[in-house]
Every structure is written in C-alpha cells, then in structure tokens.
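Visitor: The following file, protein-v4.csv, comprises CSV, C-alpha atoms:
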```
chain,number,residue,atom,x,y,z
A,1,MET,CA,-29.9,8.3,28.7
A,2,ASN,CA,-28.3,8.3,25.2
A,3,ILE,CA,-30.5,9.4,22.4
A,4,ILE,CA,-29.9,7.7,19.0
A,5,SER,CA,-30.2,9.7,15.8
A,6,LYS,CA,-31.5,8.2,12.6
A,7,LYS,CA,-28.0,7.8,11.1
A,8,GLU,CA,-26.7,6.2,14.3
A,9,ALA,CA,-29.7,3.8,14.2
A,10,LEU,CA,-28.9,2.9,10.6
A,11,ILE,CA,-25.3,2.1,11.4
A,12,LEU,CA,-26.3,0.1,14.5
A,13,GLY,CA,-28.9,-1.8,12.4
A,14,GLN,CA,-26.2,-2.8,9.9
A,15,LEU,CA,-23.8,-3.9,12.6
A,16,ALA,CA,-26.6,-5.8,14.4
A,17,SER,CA,-27.5,-7.6,11.2
A,18,SER,CA,-23.9,-8.5,10.4
A,19,ALA,CA,-24.1,-11.5,12.8
A,20,GLY,CA,-21.2,-10.4,15.0
A,21,SER,CA,-18.8,-9.8,12.2
A,22,GLU,CA,-16.8,-6.6,11.9
A,23,LEU,CA,-17.6,-4.0,9.3
A,24,TYR,CA,-15.7,-1.0,8.0
A,25,GLY,CA,-17.1,2.4,7.0
A,26,LEU,CA,-17.1,2.0,3.2
A,27,GLU,CA,-19.0,-1.3,3.5
A,28,MET,CA,-21.7,0.5,5.5
A,29,VAL,CA,-21.9,3.4,3.0
A,30,LYS,CA,-22.3,1.0,0.1
A,31,ALA,CA,-25.0,-1.0,1.9
A,32,SER,CA,-26.9,2.2,2.9
A,33,ASN,CA,-28.0,3.3,-0.6
A,34,ASP,CA,-26.6,6.8,-0.2
A,35,ALA,CA,-28.2,7.3,3.3
A,36,LEU,CA,-24.6,7.4,4.7
A,37,LYS,CA,-21.7,9.4,3.3
A,38,LEU,CA,-18.1,8.4,3.4
A,39,GLY,CA,-17.0,11.8,4.8
A,40,THR,CA,-19.4,11.6,7.8
A,41,VAL,CA,-19.8,7.9,8.6
A,42,TYR,CA,-16.7,7.8,10.8
A,43,VAL,CA,-17.8,10.9,12.7
A,44,THR,CA,-21.0,9.1,13.5
A,45,LEU,CA,-19.1,5.9,14.3
A,46,ASN,CA,-16.8,7.8,16.6
A,47,ARG,CA,-19.8,9.2,18.5
A,48,LEU,CA,-21.3,5.8,18.8
A,49,GLU,CA,-18.0,4.5,20.2
A,50,GLU,CA,-17.9,7.3,22.7
A,51,LYS,CA,-21.4,6.3,23.8
A,52,GLY,CA,-20.2,2.7,24.2
A,53,PHE,CA,-22.4,1.2,21.5
A,54,VAL,CA,-19.6,0.0,19.2
A,55,THR,CA,-16.0,-1.0,19.5
A,56,SER,CA,-13.3,-0.6,16.9
A,57,ARG,CA,-9.9,-1.8,16.1
A,58,ARG,CA,-7.3,-1.2,13.4
A,59,GLU,CA,-7.1,-3.9,10.7
A,60,ASP,CA,-4.0,-6.1,10.9
A,61,ASN,CA,-3.5,-6.4,7.2
A,62,SER,CA,-0.1,-5.4,6.0
A,63,GLU,CA,-1.1,-5.7,2.3
A,64,ARG,CA,-3.1,-2.5,2.5
A,65,THR,CA,-1.5,0.9,1.9
A,66,VAL,CA,-3.4,2.4,4.9
A,67,PRO,CA,-5.0,0.0,7.4
A,68,ARG,CA,-8.8,0.3,7.8
A,69,ARG,CA,-10.8,0.5,11.0
A,70,LEU,CA,-13.2,-2.3,11.8
A,71,TYR,CA,-16.3,-1.9,13.9
A,72,GLN,CA,-18.4,-4.3,16.0
A,73,ILE,CA,-21.6,-3.7,17.9
A,74,THR,CA,-21.6,-4.1,21.7
A,75,GLY,CA,-24.3,-5.5,23.9
A,76,ALA,CA,-25.4,-2.0,24.9
A,77,GLY,CA,-25.5,-1.0,21.3
A,78,ARG,CA,-27.7,-3.9,20.4
A,79,ARG,CA,-30.1,-3.2,23.2
A,80,SER,CA,-30.3,0.5,22.4
A,81,TYR,CA,-31.0,-0.4,18.7
A,82,LEU,CA,-33.7,-2.8,19.6
A,83,ALA,CA,-35.3,-0.3,21.9
A,84,TRP,CA,-35.1,2.4,19.3
A,85,SER,CA,-36.7,0.2,16.6
A,86,ALA,CA,-39.5,-0.9,19.0
A,87,ALA,CA,-40.1,2.8,19.8
A,88,MET,CA,-40.2,3.7,16.1
A,89,MET,CA,-42.6,0.9,15.3
A,90,ALA,CA,-44.9,2.0,18.1
A,91,PHE,CA,-44.7,5.6,16.9
A,92,ASP,CA,-45.6,4.6,13.3
A,93,GLN,CA,-48.6,2.6,14.6
A,94,GLU,CA,-49.7,5.6,16.6
A,95,MET,CA,-49.4,7.9,13.6
A,96,LYS,CA,-51.4,5.5,11.5
A,97,GLY,CA,-54.1,5.4,14.1
A,98,LEU,CA,-54.3,9.2,14.1
A,99,THR,CA,-54.6,9.4,10.4
A,100,VAL,CA,-57.2,6.7,10.0
B,1,MET,CA,47.6,-9.1,-29.0
B,2,ASN,CA,44.6,-10.8,-30.4
B,3,ALA,CA,41.6,-8.5,-30.5
B,4,LYS,CA,39.1,-11.4,-31.0
B,5,GLU,CA,40.2,-13.3,-27.9
B,6,PRO,CA,37.3,-13.3,-25.5
B,7,GLY,CA,37.6,-12.0,-22.0
B,8,LYS,CA,40.6,-9.8,-22.7
B,9,VAL,CA,40.9,-6.1,-22.7
B,10,PHE,CA,43.2,-4.2,-25.0
B,11,GLY,CA,44.3,-0.7,-24.7
B,12,GLU,CA,47.0,1.6,-23.4
B,13,ALA,CA,47.7,1.5,-19.7
B,14,GLY,CA,46.3,4.5,-17.9
B,15,ARG,CA,43.9,5.4,-20.7
B,16,PRO,CA,40.2,4.9,-20.1
B,17,LEU,CA,38.7,2.0,-22.1
B,18,VAL,CA,35.2,3.0,-21.2
B,19,ASP,CA,34.5,6.5,-20.1
B,20,ALA,CA,30.8,7.1,-19.7
B,21,PRO,CA,29.6,10.6,-19.0
B,22,ALA,CA,27.4,11.5,-16.1
B,23,LYS,CA,24.1,10.6,-17.7
B,24,HIS,CA,21.1,9.4,-15.7
B,25,GLY,CA,23.0,9.9,-12.4
B,26,THR,CA,26.0,7.6,-13.0
B,27,ALA,CA,29.4,8.4,-14.3
B,28,PHE,CA,32.2,5.9,-14.4
B,29,SER,CA,35.3,4.9,-16.2
B,30,ILE,CA,37.2,1.7,-16.7
B,31,THR,CA,41.0,2.0,-17.1
B,32,LEU,CA,43.6,-0.6,-17.9
B,33,THR,CA,46.1,-0.4,-15.0
B,34,GLY,CA,48.1,-3.5,-15.5
B,35,PRO,CA,48.7,-6.3,-17.9
B,36,ASN,CA,45.9,-8.3,-16.4
B,37,GLU,CA,44.0,-5.8,-14.3
B,38,ILE,CA,41.6,-3.0,-14.8
B,39,GLN,CA,40.5,-0.2,-12.5
B,40,SER,CA,36.8,0.8,-12.4
B,41,SER,CA,35.8,4.1,-10.8
B,42,GLY,CA,32.3,5.3,-10.6
B,43,LEU,CA,30.2,8.1,-9.2
B,44,GLY,CA,26.6,8.0,-8.2
B,45,ARG,CA,25.4,4.4,-7.8
B,46,ARG,CA,29.0,3.2,-7.2
B,47,SER,CA,31.4,5.6,-5.7
B,48,GLU,CA,34.2,3.3,-4.7
B,49,ILE,CA,37.1,2.2,-6.9
B,50,ARG,CA,37.2,-1.5,-7.6
B,51,TYR,CA,39.8,-3.7,-9.2
B,52,TYR,CA,38.8,-6.6,-11.4
B,53,ARG,CA,40.6,-9.5,-12.8
B,54,LEU,CA,40.1,-9.8,-16.5
B,55,GLY,CA,37.9,-12.4,-17.9
B,56,GLU,CA,34.5,-13.3,-16.5
B,57,ASP,CA,34.6,-10.6,-13.8
B,58,LEU,CA,35.0,-7.9,-16.4
B,59,ASP,CA,32.1,-9.1,-18.5
B,60,ARG,CA,29.9,-9.3,-15.4
B,61,HIS,CA,31.0,-5.8,-14.3
B,62,LEU,CA,30.3,-4.3,-17.7
B,63,ALA,CA,26.9,-5.9,-18.0
B,64,GLU,CA,26.1,-4.3,-14.7
B,65,PHE,CA,26.8,-0.8,-15.9
B,66,LEU,CA,26.1,-0.8,-19.6
B,67,GLN,CA,23.7,-3.2,-21.3
B,68,LYS,CA,25.2,-3.0,-24.7
B,69,ALA,CA,28.8,-2.4,-23.9
B,70,SER,CA,31.6,-4.5,-25.1
B,71,VAL,CA,35.3,-4.1,-24.6
B,72,GLY,CA,38.0,-4.4,-27.2
B,73,HIS,CA,37.7,-3.4,-30.8
B,74,SER,CA,33.9,-3.6,-30.9
B,75,PRO,CA,32.1,-0.2,-30.7
B,76,ILE,CA,30.7,0.9,-27.4
B,77,ASP,CA,27.1,2.0,-27.6
B,78,ARG,CA,27.0,5.1,-25.5
B,79,GLN,CA,23.6,6.2,-26.7
B,80,GLY,CA,21.7,3.4,-25.1
B,81,PRO,CA,19.9,3.9,-21.8
B,82,TYR,CA,21.9,3.3,-18.7
B,83,PRO,CA,20.3,0.7,-16.5
B,84,VAL,CA,20.2,2.9,-13.4
B,85,PRO,CA,17.3,2.1,-11.2
B,86,HIS,CA,15.4,5.1,-9.9
B,87,PRO,CA,12.6,3.8,-7.6
B,88,LYS,CA,9.8,6.3,-7.5
B,89,ILE,CA,8.6,6.8,-4.0
B,90,GLU,CA,5.0,8.1,-4.0
B,91,ARG,CA,3.1,9.4,-1.1
B,92,VAL,CA,-0.5,8.2,-0.6
B,93,PRO,CA,-2.9,10.9,-1.9
B,94,GLY,CA,-4.2,12.9,1.0
B,95,PHE,CA,-1.5,11.8,3.4
B,96,GLY,CA,-0.2,15.4,3.8
B,97,LEU,CA,-3.7,16.7,4.6
B,98,VAL,CA,-4.2,14.0,7.2
B,99,GLU,CA,-1.0,15.0,8.8
B,100,PHE,CA,-1.8,18.7,8.7
B,101,LEU,CA,-5.3,18.3,10.0
B,102,GLY,CA,-4.0,15.9,12.7
B,103,HIS,CA,-2.0,18.7,14.2
B,104,PHE,CA,-5.2,20.6,15.1
B,105,SER,CA,-7.3,17.7,16.3
B,106,ARG,CA,-7.3,15.4,19.2
B,107,GLN,CA,-5.5,12.0,18.9
B,108,ASN,CA,-8.8,10.2,19.2
B,109,PHE,CA,-10.3,12.1,16.3
B,110,ARG,CA,-7.2,11.7,14.2
B,111,GLU,CA,-7.1,7.9,14.7
B,112,ARG,CA,-10.8,7.1,14.6
B,113,VAL,CA,-12.1,9.7,12.0
B,114,LEU,CA,-9.3,11.1,9.9
B,115,GLU,CA,-7.2,8.0,9.4
B,116,ALA,CA,-10.2,5.7,9.1
B,117,THR,CA,-11.8,7.9,6.5
B,118,HIS,CA,-8.5,8.2,4.6
B,119,ALA,CA,-8.0,4.5,4.7
B,120,ASP,CA,-11.5,3.9,3.1
B,121,LEU,CA,-10.9,6.6,0.5
B,122,ILE,CA,-7.6,5.1,-0.4
B,123,ALA,CA,-9.1,1.6,-0.7
B,124,GLN,CA,-11.8,3.0,-3.0
B,125,TYR,CA,-9.2,4.8,-5.1
B,126,GLU,CA,-7.0,1.7,-5.3
B,127,GLU,CA,-10.0,-0.4,-6.3
B,128,SER,CA,-10.7,1.9,-9.2
B,129,LEU,CA,-7.0,1.8,-10.3
B,130,ALA,CA,-7.0,-2.0,-10.1
B,131,LEU,CA,-10.1,-2.2,-12.3
B,132,GLY,CA,-8.4,0.1,-14.8
B,133,ASN,CA,-11.0,2.9,-14.4
B,134,GLU,CA,-8.5,5.8,-14.4
B,135,LYS,CA,-11.1,8.5,-14.9
B,136,ARG,CA,-13.0,7.4,-11.8
B,137,ALA,CA,-9.7,7.0,-9.9
B,138,ARG,CA,-8.7,10.6,-10.8
B,139,ILE,CA,-12.1,11.9,-9.5
B,140,GLN,CA,-11.7,9.9,-6.3
B,141,LYS,CA,-8.2,11.2,-5.8
B,142,ARG,CA,-9.5,14.7,-5.8
B,143,MET,CA,-12.5,13.8,-3.6
B,144,ILE,CA,-10.1,12.6,-0.9
B,145,VAL,CA,-9.3,16.2,0.1
B,146,VAL,CA,-13.0,17.1,0.0
B,147,TRP,CA,-14.2,14.2,2.1
B,148,LEU,CA,-11.4,14.7,4.6
B,149,LEU,CA,-12.3,18.4,5.0
B,150,ILE,CA,-16.0,17.5,5.4
B,151,ALA,CA,-15.2,15.0,8.0
B,152,THR,CA,-13.1,17.5,10.0
B,153,PHE,CA,-15.7,20.2,9.7
B,154,LYS,CA,-18.5,17.9,10.8
B,155,GLY,CA,-16.4,16.5,13.6
B,156,ALA,CA,-15.6,20.1,14.8
B,157,LEU,CA,-19.3,21.1,14.5
B,158,LEU,CA,-20.5,18.1,16.5
B,159,GLY,CA,-17.9,18.6,19.1
B,160,LEU,CA,-18.9,22.2,19.5
B,161,LEU,CA,-22.6,21.3,19.7
B,162,SER,CA,-22.1,18.6,22.3
B,163,LYS,CA,-20.1,21.0,24.4
B,164,LEU,CA,-22.9,23.6,24.2
B,165,SER,CA,-25.5,21.0,25.1
B,166,LEU,CA,-23.5,19.8,28.0
B,167,LYS,CA,-23.2,23.3,29.3
B,168,SER,CA,-26.9,23.9,29.0
B,169,VAL,CA,-27.7,20.6,30.8
B,170,SER,CA,-25.3,21.4,33.7
B,171,SER,CA,-26.4,25.0,34.1
B,172,PRO,CA,-28.4,25.7,37.4
B,173,GLU,CA,-31.6,26.7,35.4
```
Show me, as structure tokens, the structure contained in the file I just sent.
Guide:
Amino acid sequence: MNIISKKEALILGQLASSAGSELYGLEMVKASNDALKLGTVYVTLNRLEEKGFVTSRREDNSERTVPRRLYQITGAGRRSYLAWSAAMMAFDQEMKGLTV
Amino acid sequence: MNAKEPGKVFGEAGRPLVDAPAKHGTAFSITLTGPNEIQSSGLGRRSEIRYYRLGEDLDRHLAEFLQKASVGHSPIDRQGPYPVPHPKIERVPGFGLVEFLGHFSRQNFRERVLEATHADLIAQYEESLALGNEKRARIQKRMIVVWLLIATFKGALLGLLSKLSLKSVSSPE
C-alpha cells in the first residue's frame, strides 16, 4: 500500500479540485501559500507519478522558451486522496475526543 | 562628365571609389572597372565579388552597405555606423547546469524534475522581465541555479532513502 505524505496530499488535493484540468508546478506553488517550494515540487510530483497517482505530459506550446510539464490526477490518485482526507478527518475527531 | 548627374559614378578606372576599412566585421571596396560598370568586393558579410550596372543597382547596393554613403563628388561619411547585423544568441539561464546535472541523473529524473523545474523557473524569470521588474528578474536568474541544485539534492536523497527502505522491507527479518 502506498502511503501519502502531507505534501503529496496537498498536491493531490489541488489536482483533484482543478476539475480535471492540467496544472503545472508553479501554479501549485503559488496556490499553496508557501507550503510547496519550486525546487521540490517536481520531486514530489515525480514520486506521485511513479506511484501512479498522477500523469504528466510536456506542454505543446512553441511560444515558450522551455516547455513546461503539465500534471493531471488519475483515478487511483483521486481515490487515495479521498481515503487520506477521510482518515485525517477521523484522526482529528479522535484527537478532539481525547482532549475534551 | 557631369558630376551632378544622378546614378552615375565618376572616377579613375581601377581606383577604389569607396574603400571601407574592416570595421564592425565588414570590409569592402567598390572600384570602377569599366565605363558603365563597377566591381564590388567585400569581406565578412559578403565575400563574393559582384558586378553591378550603374544606376539604380548601384544606389541599392550602396544603401545596403553604407547608410550615409553617396558616390560622386559628395563626401562619403566613413564615421557613421555600418549596418552590420550581429544577432546576439543568448542561452537560457541555467541551461548549462541542467545539461551538466543531466549527465549524472537518470533520463526520467532529468525530464520530469530538472527540465520541468527549469521550465517553471524560466517562466517566472520571463514574467518578471515582461513586467519590467529587472531587480526581481536578476534575483530569480540567480535563484535558478539554487533551485536546480536543491531539486537534484532532494531527488538524490529521496532516491537513496527509497532504496534503503526497499532493502529493509525485502530483508528476511
């Protein structure tokens, strides 16, 4: 079973909420409020791709100096993210129950 | 010979009418070779020797080489800049480092991490340049190297950790 880290979950959450559209790393970094860094976001995305949670392709835009890489969430990625967020919610409730 | 007559060249046969020195990469000379013919020889941009009929051809040819040149009794301005195009070919910042780091990493890592990070960093840098924020662009240009090194370091570290964890999982204990 693949374990998702917090950063991976953050990326999967952004991709899941993008309504099927493709995102690139810089977009995710800007939307994360400094939770993600430009130097490490692609390392995390590469790991997610190796796990089969995201797919990527090179941008077909000749106007750019260097083509960017676009990412899209897969079905497995969406399911894993939903499972992770459900588990986190249950954990938070459990923790609240312990403290009260 | 009428010196004021347009489209005509006057001078001694075999003597250069225009003899521009090798400045800004181009040297050339225009010599009267016949009663109605000139010879143009150039180095640099034009290396071939061409013959022109006098008249409009000559004017066009001169305009090509010297912006302010005129032939005849009018003075030739040799101080003016020669219109020699020198297209400046610039390499994208960080391109050399991506190539260098790519030699030591797997193709998968180079394509999905190094090139993708580089593309976003360049996009950010170009965005700042387009907005006219040169100070920010200069900082981002320097940061390209830093981010690329961080990405490589983190990639290598994670690769090593995943190998170690795989070994511990597959061990008989």
Visitor: Near chain B, meaning an atom within 8 Å, which residues of chain A appear when counting only C-alpha atoms? Write them as JSON, numbers by chain.
Guide: {"A": [25, 26, 38, 39, 40, 42, 43, 46, 64, 65, 66, 67, 68, 69]}
Visitor: Produce a file of the selected residues containing C-alpha atoms, as a PDB file, in the frame of the given file.
Guide:
```pdb
ATOM      1  CA  GLY A  25     -17.100   2.400   7.000  1.00  0.00           C
ATOM      2  CA  LEU A  26     -17.100   2.000   3.200  1.00  0.00           C
ATOM      3  CA  LEU A  38     -18.100   8.400   3.400  1.00  0.00           C
ATOM      4  CA  GLY A  39     -17.000  11.800   4.800  1.00  0.00           C
ATOM      5  CA  THR A  40     -19.400  11.600   7.800  1.00  0.00           C
ATOM      6  CA  TYR A  42     -16.700   7.800  10.800  1.00  0.00           C
ATOM      7  CA  VAL A  43     -17.800  10.900  12.700  1.00  0.00           C
ATOM      8  CA  ASN A  46     -16.800   7.800  16.600  1.00  0.00           C
ATOM      9  CA  ARG A  64      -3.100  -2.500   2.500  1.00  0.00           C
ATOM     10  CA  THR A  65      -1.500   0.900   1.900  1.00  0.00           C
ATOM     11  CA  VAL A  66      -3.400   2.400   4.900  1.00  0.00           C
ATOM     12  CA  PRO A  67      -5.000   0.000   7.400  1.00  0.00           C
ATOM     13  CA  ARG A  68      -8.800   0.300   7.800  1.00  0.00           C
ATOM     14  CA  ARG A  69     -10.800   0.500  11.000  1.00  0.00           C
TER      15      ARG A  69
END
```
Visitor: Can you list, as number ranges by chain, every protein, DNA or RNA residue that comes within 12 Å of range 86-99 of chain A when you count all atoms listed in the file, leaving out same-chain residues fewer than 2 positions away?
Guide: A: 3-6, 9, 79-84
Visitor: Pick out the residues sitting within 9 Å of Glu22 in chain A, and hand them over as a ChimeraX atom specification; count all atoms listed in the file, and ignore anything fewer than 2 positions along from it in its own chain.
Guide: /A:15,18-20,24,56,70-73
Visitor: One number please: CA of Pro93 in chain B to CA of Thr55 in chain A, in Å, one decimal.
Guide: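 Taking CA of Pro93 in chain B as the start and CA of Thr55 in chain A as the end point, the length is 27.8 Å.
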Visitor: Between CA of Lys51 in chain A and CA of Gln14 in chain A, what is the spacing in Å?
Guide: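 Interatomic distance here is 17.3 Å.
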Visitor: Rounded to one decimal place, report the CA of Glu127 in chain B-CA of Val98 in chain B distance in Å.
Guide: 20.6 Å
Visitor: Do you know which residues lie at most 9 Å from (-7.3, 9.3, -8.3), with coordinates as in the file and only C-alpha atoms counted, and could you write them as a PyMOL selection string?
Guide: chain B and resi 93+122+125-126+128-129+134-144
Visitor: If you keep C-alpha atoms, can you produce a file of those selected residues as a CSV table (one decimal), keeping the file's coordinate frame?
Guide:
```csv
chain,number,residue,atom,x,y,z
B,93,PRO,CA,-2.9,10.9,-1.9
B,122,ILE,CA,-7.6,5.1,-0.4
B,125,TYR,CA,-9.2,4.8,-5.1
B,126,GLU,CA,-7.0,1.7,-5.3
B,128,SER,CA,-10.7,1.9,-9.2
B,129,LEU,CA,-7.0,1.8,-10.3
B,134,GLU,CA,-8.5,5.8,-14.4
B,135,LYS,CA,-11.1,8.5,-14.9
B,136,ARG,CA,-13.0,7.4,-11.8
B,137,ALA,CA,-9.7,7.0,-9.9
B,138,ARG,CA,-8.7,10.6,-10.8
B,139,ILE,CA,-12.1,11.9,-9.5
B,140,GLN,CA,-11.7,9.9,-6.3
B,141,LYS,CA,-8.2,11.2,-5.8
B,142,ARG,CA,-9.5,14.7,-5.8
B,143,MET,CA,-12.5,13.8,-3.6
B,144,ILE,CA,-10.1,12.6,-0.9
```
Visitor: Considering only C-alpha atoms, state which residue in the set A:Gly52, A:Arg47, A:Asp60, A:Ala31 is at the smallest distance from Gly13 in chain A.
Guide: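 Of A:Gly52, A:Arg47, A:Asp60, A:Ala31, the one nearest Gly13 in chain A is A:Ala31, counting only C-alpha atoms.
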Visitor: If you keep all heavy atoms, can you output range 2-13 of chain A as a PDB file, in the first residue's frame?
Guide:
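To be explicit, this is the file written out as selection_4.pdb:
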```pdb
ATOM      1  N   ASN A   2       0.462   2.213  -0.796  1.00  0.00           N
ATOM      2  CA  ASN A   2       1.233   3.449  -0.870  1.00  0.00           C
ATOM      3  C   ASN A   2       0.788   4.434   0.205  1.00  0.00           C
ATOM      4  O   ASN A   2      -0.386   4.738   0.338  1.00  0.00           O
ATOM      5  CB  ASN A   2       1.048   4.104  -2.249  1.00  0.00           C
ATOM      6  CG  ASN A   2       1.844   3.384  -3.300  1.00  0.00           C
ATOM      7  OD1 ASN A   2       3.003   3.058  -3.079  1.00  0.00           O
ATOM      8  ND2 ASN A   2       1.211   3.132  -4.423  1.00  0.00           N
ATOM      9  N   ILE A   3       1.767   4.924   0.948  1.00  0.00           N
ATOM     10  CA  ILE A   3       1.463   5.920   1.973  1.00  0.00           C
ATOM     11  C   ILE A   3       1.660   7.297   1.357  1.00  0.00           C
ATOM     12  O   ILE A   3       2.638   7.542   0.654  1.00  0.00           O
ATOM     13  CB  ILE A   3       2.386   5.729   3.200  1.00  0.00           C
ATOM     14  CG1 ILE A   3       2.193   4.322   3.773  1.00  0.00           C
ATOM     15  CG2 ILE A   3       2.126   6.784   4.259  1.00  0.00           C
ATOM     16  CD1 ILE A   3       3.321   3.857   4.656  1.00  0.00           C
ATOM     17  N   ILE A   4       0.721   8.196   1.655  1.00  0.00           N
ATOM     18  CA  ILE A   4       0.806   9.556   1.103  1.00  0.00           C
ATOM     19  C   ILE A   4       1.335  10.491   2.180  1.00  0.00           C
ATOM     20  O   ILE A   4       0.827  10.505   3.299  1.00  0.00           O
ATOM     21  CB  ILE A   4      -0.581  10.039   0.624  1.00  0.00           C
ATOM     22  CG1 ILE A   4      -1.137   9.089  -0.437  1.00  0.00           C
ATOM     23  CG2 ILE A   4      -0.490  11.440   0.036  1.00  0.00           C
ATOM     24  CD1 ILE A   4      -2.548   9.413  -0.835  1.00  0.00           C
ATOM     25  N   SER A   5       2.334  11.287   1.807  1.00  0.00           N
ATOM     26  CA  SER A   5       2.851  12.292   2.742  1.00  0.00           C
ATOM     27  C   SER A   5       1.957  13.540   2.684  1.00  0.00           C
ATOM     28  O   SER A   5       1.098  13.658   1.805  1.00  0.00           O
ATOM     29  CB  SER A   5       4.285  12.652   2.376  1.00  0.00           C
ATOM     30  OG  SER A   5       4.307  13.401   1.193  1.00  0.00           O
ATOM     31  N   LYS A   6       2.215  14.469   3.600  1.00  0.00           N
ATOM     32  CA  LYS A   6       1.379  15.670   3.671  1.00  0.00           C
ATOM     33  C   LYS A   6       1.503  16.524   2.398  1.00  0.00           C
ATOM     34  O   LYS A   6       0.520  17.048   1.878  1.00  0.00           O
ATOM     35  CB  LYS A   6       1.790  16.487   4.893  1.00  0.00           C
ATOM     36  CG  LYS A   6       0.697  17.362   5.430  1.00  0.00           C
ATOM     37  CD  LYS A   6       1.146  18.048   6.690  1.00  0.00           C
ATOM     38  CE  LYS A   6       0.106  19.042   7.160  1.00  0.00           C
ATOM     39  NZ  LYS A   6       0.529  19.757   8.363  1.00  0.00           N
ATOM     40  N   LYS A   7       2.730  16.617   1.909  1.00  0.00           N
ATOM     41  CA  LYS A   7       2.963  17.389   0.675  1.00  0.00           C
ATOM     42  C   LYS A   7       2.296  16.727  -0.528  1.00  0.00           C
ATOM     43  O   LYS A   7       1.728  17.396  -1.387  1.00  0.00           O
ATOM     44  CB  LYS A   7       4.465  17.526   0.421  1.00  0.00           C
ATOM     45  CG  LYS A   7       5.070  18.723   1.114  1.00  0.00           C
ATOM     46  CD  LYS A   7       6.467  18.958   0.679  1.00  0.00           C
ATOM     47  CE  LYS A   7       7.046  20.121   1.459  1.00  0.00           C
ATOM     48  NZ  LYS A   7       8.436  20.355   1.161  1.00  0.00           N
ATOM     49  N   GLU A   8       2.390  15.423  -0.568  1.00  0.00           N
ATOM     50  CA  GLU A   8       1.760  14.684  -1.667  1.00  0.00           C
ATOM     51  C   GLU A   8       0.241  14.876  -1.631  1.00  0.00           C
ATOM     52  O   GLU A   8      -0.389  15.062  -2.672  1.00  0.00           O
ATOM     53  CB  GLU A   8       2.111  13.202  -1.571  1.00  0.00           C
ATOM     54  CG  GLU A   8       3.544  12.906  -1.965  1.00  0.00           C
ATOM     55  CD  GLU A   8       3.929  11.450  -1.752  1.00  0.00           C
ATOM     56  OE1 GLU A   8       3.257  10.765  -0.966  1.00  0.00           O
ATOM     57  OE2 GLU A   8       4.900  11.021  -2.363  1.00  0.00           O
ATOM     58  N   ALA A   9      -0.305  14.857  -0.421  1.00  0.00           N
ATOM     59  CA  ALA A   9      -1.753  15.045  -0.267  1.00  0.00           C
ATOM     60  C   ALA A   9      -2.167  16.455  -0.685  1.00  0.00           C
ATOM     61  O   ALA A   9      -3.219  16.642  -1.308  1.00  0.00           O
ATOM     62  CB  ALA A   9      -2.146  14.800   1.173  1.00  0.00           C
ATOM     63  N   LEU A  10      -1.314  17.412  -0.387  1.00  0.00           N
ATOM     64  CA  LEU A  10      -1.590  18.806  -0.773  1.00  0.00           C
ATOM     65  C   LEU A  10      -1.647  18.946  -2.297  1.00  0.00           C
ATOM     66  O   LEU A  10      -2.547  19.580  -2.860  1.00  0.00           O
ATOM     67  CB  LEU A  10      -0.495  19.710  -0.183  1.00  0.00           C
ATOM     68  CG  LEU A  10      -0.652  21.200  -0.331  1.00  0.00           C
ATOM     69  CD1 LEU A  10      -1.858  21.706   0.446  1.00  0.00           C
ATOM     70  CD2 LEU A  10       0.595  21.920   0.166  1.00  0.00           C
ATOM     71  N   ILE A  11      -0.687  18.313  -2.949  1.00  0.00           N
ATOM     72  CA  ILE A  11      -0.649  18.346  -4.425  1.00  0.00           C
ATOM     73  C   ILE A  11      -1.854  17.606  -5.009  1.00  0.00           C
ATOM     74  O   ILE A  11      -2.514  18.110  -5.922  1.00  0.00           O
ATOM     75  CB  ILE A  11       0.684  17.743  -4.937  1.00  0.00           C
ATOM     76  CG1 ILE A  11       1.842  18.688  -4.606  1.00  0.00           C
ATOM     77  CG2 ILE A  11       0.631  17.484  -6.433  1.00  0.00           C
ATOM     78  CD1 ILE A  11       3.206  18.128  -4.897  1.00  0.00           C
ATOM     79  N   LEU A  12      -2.136  16.446  -4.458  1.00  0.00           N
ATOM     80  CA  LEU A  12      -3.281  15.664  -4.964  1.00  0.00           C
ATOM     81  C   LEU A  12      -4.589  16.427  -4.749  1.00  0.00           C
ATOM     82  O   LEU A  12      -5.473  16.397  -5.609  1.00  0.00           O
ATOM     83  CB  LEU A  12      -3.346  14.301  -4.265  1.00  0.00           C
ATOM     84  CG  LEU A  12      -2.323  13.256  -4.709  1.00  0.00           C
ATOM     85  CD1 LEU A  12      -2.453  12.000  -3.865  1.00  0.00           C
ATOM     86  CD2 LEU A  12      -2.473  12.905  -6.178  1.00  0.00           C
ATOM     87  N   GLY A  13      -4.669  17.127  -3.621  1.00  0.00           N
ATOM     88  CA  GLY A  13      -5.861  17.931  -3.333  1.00  0.00           C
ATOM     89  C   GLY A  13      -6.053  19.046  -4.350  1.00  0.00           C
ATOM     90  O   GLY A  13      -7.172  19.293  -4.819  1.00  0.00           O
TER      91      GLY A  13
END
```
